[in-house]
Amino acid sequence: MALIVQKYGGTSVGGIERIERVAEKVIASYHQGNQVVVVVSAMSGETNRLIDLAKAIDPRADARELDVLMSTGEQVTIALLSIALIKRGYKARSYTGSQVHIRTDSAYNKARIMDIDAARLKADLDSGVIVVVAGFQGADEHGNITTLGRGGSDTSAVALAAALKADECQIYTDVDGVYTTDPRVVPQARRLERITFEEMLEMASLGSKVLQIRSVEFAGKYNVPLRVLSSFEEGRGTLITYEEPNMEEAKIAGIAFNRDEAKLTILGVPDQPGVAYRILGPIGDANIEVDMIIQNVGADETTDFTFTVHRNDYDKAMEILKGVSRQLGAREVNGDKKIIKISLVGVGMRSHAGIASAMFKTLASEGINIKMISTSEIKISVVVDEKYLELGVRALHTAFGLDQPVAATA
Ligand code: ADP
Ligand code: ASP
Ligand code: MG
């Protein structure tokens, strides 16, 4: 008998009819002889609605209370799905994150799962119960409710699969797998039959929100067999694999992009040891994550320094940078919130030279100016003006041979 963890995202449980359809899918898996744990998100739009309610009272609403509020979205869907299963004559039982002891740290709004007590779930499963668990939430050691960051139900599912040593973790969503890029932006995007764990990790961290990055990290750490599938149509979806790819594998697996970028520049700072630290130290102290960093070659004993942050952190970072600028006697501080990052990802890059130049050539031929570049073994990222997002991603998708073959006419 196999143990399967299935996760259904917000769109998949977006209304009563859809929840009833999820119930049918869960039952089908149960009838194949599987023990099934189901993790559900809140109905689509619900988490945003709850956040808006809090922000209407206080834009800087208390983080602990926000978690109490946001976690209710998932509490609704676990109960509704269980009601649908029980109506159909099955034994089902719903649990919130804290009830099944998904223990997290105390970082409200972005908590990390520390451990899960699987005993209660195992006992239920062994007596034939379909277990329905609220995604996106847990509780810290003092019993405070925590949430895991947007998209966190993916991580709940993978963590449960790891704790229960499940045979597969299935992420059901509104697309039928992981694509070469977001199919909403590039209609010619292709579904990947498989993608390596390393590539999926890069895609997620570079902005492909089909899986929350922490879910991929968890899957890698515990070797959880992970598959992304459609809730709405049959199919095999995309398997995340842990083997080394063969050499014939495509050079580029996919293109990720991130709209949440902003960049800040401090000009004319003294070109001396310790300057990078004096600039980025206070940014780090304010809990602002820095992504790309560029320091120019110094001229006339001064240099320029540019870095990127999440757009939500831009104002705070700018305020800090202005203070730093006064201390360092810098010439000027400026910034740009209208930038985005596009990244090519592929383990095949390791064995192929010339990917970067081909990327730059493609962007140049579309008249797209590159503002920043960063590379690693398996990815190349560029920062460009946000107005070039669609054009840039589509041009690269075609140039690297990722477009779906045009259907042959019969
Ligand atoms: P859920 O509510 O089921 O968690 P999400 O909206 O979080 O769904 O994730 C699914 C969405 O991810 C898709 O609708 C798609 O627009 C987006 N997406 C971004 N990049 C990709 C990609 N490379 N492959 C598939 N989907 C992607
Ligand atoms: N409901 C939460 C969110 O919208 C978690 C999730 O859907 O994964 O971010
Ligand atoms: Mg999601």
# chains A, B, ... in the order shown; residues from 1 in each chain; ligands from 1

$ residues_near_ligand --ligand "ligand 2" --cutoff "10 Å" --atoms "only C-alpha atoms and all ligand atoms" --output "VMD selection string"
chain A and resid 7 to 11 39 to 49 70 to 74 134 to 137 147 to 157 210 to 212

$ residues_near_ligand --ligand "ligand 1" --cutoff "6 Å" --atoms "only C-alpha atoms and all ligand atoms" --output "list in words"
Gly9, Gly10, Thr11, Gly151, Thr173, Asp174, Val175, Gly177, Val178, Tyr179, Thr180, Thr181, Asp182, Arg184, Ser208, Lys209 and Val210 of chain A

$ residues_around --residues "A:Glu65" --least-positions-apart "5" --cutoff "9 Å" --atoms "only C-alpha atoms" --output "short mmCIF file (atom, residue, chain, number, x, y, z; two decimals) with N, CA, C and O atoms, in the first residue's frame"
data_model
loop_
_atom_site.label_atom_id
_atom_site.label_comp_id
_atom_site.auth_asym_id
_atom_site.auth_seq_id
_atom_site.Cartn_x
_atom_site.Cartn_y
_atom_site.Cartn_z
N ALA A 54 -7.00 43.29 7.53
CA ALA A 54 -6.09 43.73 8.60
C ALA A 54 -5.48 45.09 8.24
O ALA A 54 -5.41 45.99 9.08
N MET A 70 -4.60 35.03 8.94
CA MET A 70 -4.38 34.36 7.65
C MET A 70 -4.60 32.86 7.72
O MET A 70 -5.04 32.25 6.76
N TYR A 108 6.98 34.95 12.68
CA TYR A 108 5.64 35.14 12.13
C TYR A 108 5.69 35.58 10.67
O TYR A 108 6.59 36.30 10.27
N ILE A 145 0.16 30.48 16.75
CA ILE A 145 -0.05 30.11 15.34
C ILE A 145 0.93 30.87 14.47
O ILE A 145 1.15 32.07 14.66
#

$ closest_residue --among "A:Leu164, A:Ile293, A:Ala92, A:Ala253" --to "A:Ala119" --atoms "only C-alpha atoms"
A:Leu164

$ closest_residue --among "A:Pro225, A:Pro405, A:Gly89, A:Gly392" --to "A:Ala23" --atoms "only C-alpha atoms"
A:Gly89

$ select_by_dssp --residues "stretch 181-263 of chain A" --states "strand (DSSP E)" --output "PyMOL selection string"
chain A and resi 194-196+226-230+238-241+254-258+261-263

$ write_last_selection --atoms "all heavy atoms" --output "short mmCIF file (atom, residue, chain, number, x, y, z; two decimals), in the first residue's frame"
data_model
loop_
_atom_site.label_atom_id
_atom_site.label_comp_id
_atom_site.auth_asym_id
_atom_site.auth_seq_id
_atom_site.Cartn_x
_atom_site.Cartn_y
_atom_site.Cartn_z
N ARG A 194 10.16 16.04 -17.05
CA ARG A 194 10.93 16.00 -15.80
C ARG A 194 11.84 17.22 -15.72
O ARG A 194 12.17 17.82 -16.73
CB ARG A 194 11.79 14.73 -15.70
CG ARG A 194 11.96 14.05 -16.98
CD ARG A 194 12.54 12.70 -17.18
NE ARG A 194 13.53 12.22 -16.28
CZ ARG A 194 13.35 11.12 -15.56
NH1 ARG A 194 12.22 10.45 -15.64
NH2 ARG A 194 14.29 10.71 -14.77
N ILE A 195 12.20 17.55 -14.52
CA ILE A 195 13.16 18.64 -14.32
C ILE A 195 14.02 18.21 -13.14
O ILE A 195 13.54 17.55 -12.21
CB ILE A 195 12.43 19.99 -14.06
CG1 ILE A 195 13.43 21.14 -13.91
CG2 ILE A 195 11.52 19.93 -12.83
CD1 ILE A 195 12.78 22.54 -13.93
N THR A 196 15.31 18.54 -13.20
CA THR A 196 16.16 18.12 -12.08
C THR A 196 15.86 19.00 -10.87
O THR A 196 15.43 20.13 -10.99
CB THR A 196 17.66 18.24 -12.40
OG1 THR A 196 17.99 19.62 -12.49
CG2 THR A 196 18.03 17.53 -13.70
N LEU A 226 8.59 14.17 -5.89
CA LEU A 226 7.70 15.32 -6.00
C LEU A 226 7.21 15.45 -7.44
O LEU A 226 8.00 15.32 -8.37
CB LEU A 226 8.50 16.56 -5.60
CG LEU A 226 7.80 17.91 -5.52
CD1 LEU A 226 6.68 17.89 -4.50
CD2 LEU A 226 8.83 18.99 -5.12
N ARG A 227 5.90 15.69 -7.59
CA ARG A 227 5.32 15.81 -8.93
C ARG A 227 4.33 16.97 -8.94
O ARG A 227 3.58 17.16 -7.99
CB ARG A 227 4.61 14.50 -9.29
CG ARG A 227 4.30 14.31 -10.75
CD ARG A 227 3.54 13.01 -10.97
NE ARG A 227 4.38 11.83 -10.96
CZ ARG A 227 5.08 11.39 -12.00
NH1 ARG A 227 5.07 12.04 -13.13
NH2 ARG A 227 5.81 10.30 -11.91
N VAL A 228 4.36 17.76 -10.00
CA VAL A 228 3.40 18.87 -10.17
C VAL A 228 2.40 18.46 -11.24
O VAL A 228 2.79 18.04 -12.33
CB VAL A 228 4.13 20.17 -10.60
CG1 VAL A 228 3.13 21.30 -10.86
CG2 VAL A 228 5.15 20.59 -9.55
N LEU A 229 1.11 18.56 -10.91
CA LEU A 229 0.06 18.07 -11.82
C LEU A 229 -1.12 19.05 -11.85
O LEU A 229 -1.25 19.89 -10.98
CB LEU A 229 -0.51 16.74 -11.31
CG LEU A 229 0.40 15.60 -11.00
CD1 LEU A 229 0.19 15.15 -9.58
CD2 LEU A 229 0.16 14.47 -11.95
N SER A 230 -2.00 18.84 -12.83
CA SER A 230 -3.20 19.67 -12.92
C SER A 230 -4.34 19.08 -12.10
O SER A 230 -4.57 17.87 -12.10
CB SER A 230 -3.65 19.76 -14.38
OG SER A 230 -4.97 20.24 -14.45
N THR A 238 4.73 16.93 -14.13
CA THR A 238 6.19 17.04 -14.20
C THR A 238 6.79 16.42 -12.95
O THR A 238 6.41 16.75 -11.83
CB THR A 238 6.63 18.52 -14.27
OG1 THR A 238 6.06 19.11 -15.42
CG2 THR A 238 8.15 18.64 -14.32
N LEU A 239 7.75 15.53 -13.16
CA LEU A 239 8.43 14.89 -12.03
C LEU A 239 9.72 15.65 -11.74
O LEU A 239 10.47 16.00 -12.65
CB LEU A 239 8.75 13.44 -12.41
CG LEU A 239 9.44 12.60 -11.33
CD1 LEU A 239 8.48 12.34 -10.17
CD2 LEU A 239 9.92 11.28 -11.92
N ILE A 240 9.95 15.93 -10.46
CA ILE A 240 11.23 16.53 -10.07
C ILE A 240 12.17 15.35 -9.81
O ILE A 240 11.86 14.50 -8.97
CB ILE A 240 11.09 17.38 -8.77
CG1 ILE A 240 9.79 18.20 -8.74
CG2 ILE A 240 12.33 18.23 -8.52
CD1 ILE A 240 9.62 19.23 -9.80
N THR A 241 13.30 15.31 -10.52
CA THR A 241 14.17 14.13 -10.40
C THR A 241 15.46 14.47 -9.67
O THR A 241 15.90 15.61 -9.67
CB THR A 241 14.56 13.56 -11.78
OG1 THR A 241 15.28 14.57 -12.48
CG2 THR A 241 13.36 13.15 -12.58
N GLY A 254 14.73 26.09 -18.52
CA GLY A 254 13.63 27.05 -18.48
C GLY A 254 14.08 28.47 -18.22
O GLY A 254 15.27 28.74 -18.01
N ILE A 255 13.11 29.36 -18.27
CA ILE A 255 13.36 30.78 -18.05
C ILE A 255 12.48 31.24 -16.89
O ILE A 255 11.27 31.05 -16.91
CB ILE A 255 13.01 31.59 -19.31
CG1 ILE A 255 13.82 31.08 -20.51
CG2 ILE A 255 13.28 33.09 -19.08
CD1 ILE A 255 13.48 31.75 -21.83
N ALA A 256 13.13 31.81 -15.90
CA ALA A 256 12.38 32.35 -14.76
C ALA A 256 12.45 33.86 -14.81
O ALA A 256 13.36 34.42 -15.41
CB ALA A 256 12.98 31.83 -13.45
N PHE A 257 11.47 34.51 -14.19
CA PHE A 257 11.56 35.97 -14.10
C PHE A 257 10.97 36.41 -12.77
O PHE A 257 10.19 35.69 -12.16
CB PHE A 257 10.87 36.66 -15.27
CG PHE A 257 9.45 36.19 -15.49
CD1 PHE A 257 8.41 36.71 -14.74
CD2 PHE A 257 9.18 35.21 -16.42
CE1 PHE A 257 7.11 36.28 -14.94
CE2 PHE A 257 7.89 34.76 -16.61
CZ PHE A 257 6.85 35.29 -15.87
N ASN A 258 11.38 37.58 -12.36
CA ASN A 258 10.94 38.09 -11.06
C ASN A 258 10.59 39.56 -11.20
O ASN A 258 11.42 40.37 -11.57
CB ASN A 258 12.07 37.88 -10.05
CG ASN A 258 11.62 38.14 -8.64
OD1 ASN A 258 10.51 38.66 -8.42
ND2 ASN A 258 12.44 37.80 -7.68
N GLU A 261 11.65 43.12 -8.12
CA GLU A 261 12.99 43.66 -7.92
C GLU A 261 13.00 45.18 -7.85
O GLU A 261 12.14 45.86 -8.41
CB GLU A 261 13.89 43.24 -9.09
CG GLU A 261 13.95 41.75 -9.33
CD GLU A 261 15.05 41.07 -8.57
OE1 GLU A 261 16.10 41.70 -8.34
OE2 GLU A 261 14.87 39.90 -8.20
N ALA A 262 14.01 45.71 -7.19
CA ALA A 262 14.27 47.15 -7.21
C ALA A 262 15.77 47.32 -7.01
O ALA A 262 16.41 46.48 -6.36
CB ALA A 262 13.51 47.84 -6.09
N LYS A 263 16.35 48.38 -7.60
CA LYS A 263 17.79 48.54 -7.39
C LYS A 263 18.13 49.90 -6.82
O LYS A 263 17.40 50.88 -7.02
CB LYS A 263 18.55 48.27 -8.69
CG LYS A 263 18.63 49.36 -9.70
CD LYS A 263 19.45 48.83 -10.88
CE LYS A 263 19.40 49.73 -12.08
NZ LYS A 263 20.07 50.99 -11.94
#

$ closest_residue --among "A:Arg214, A:Arg326, A:Arg112, A:Lys371" --to "ligand 3" --atoms "only C-alpha atoms and all ligand atoms"
A:Arg214
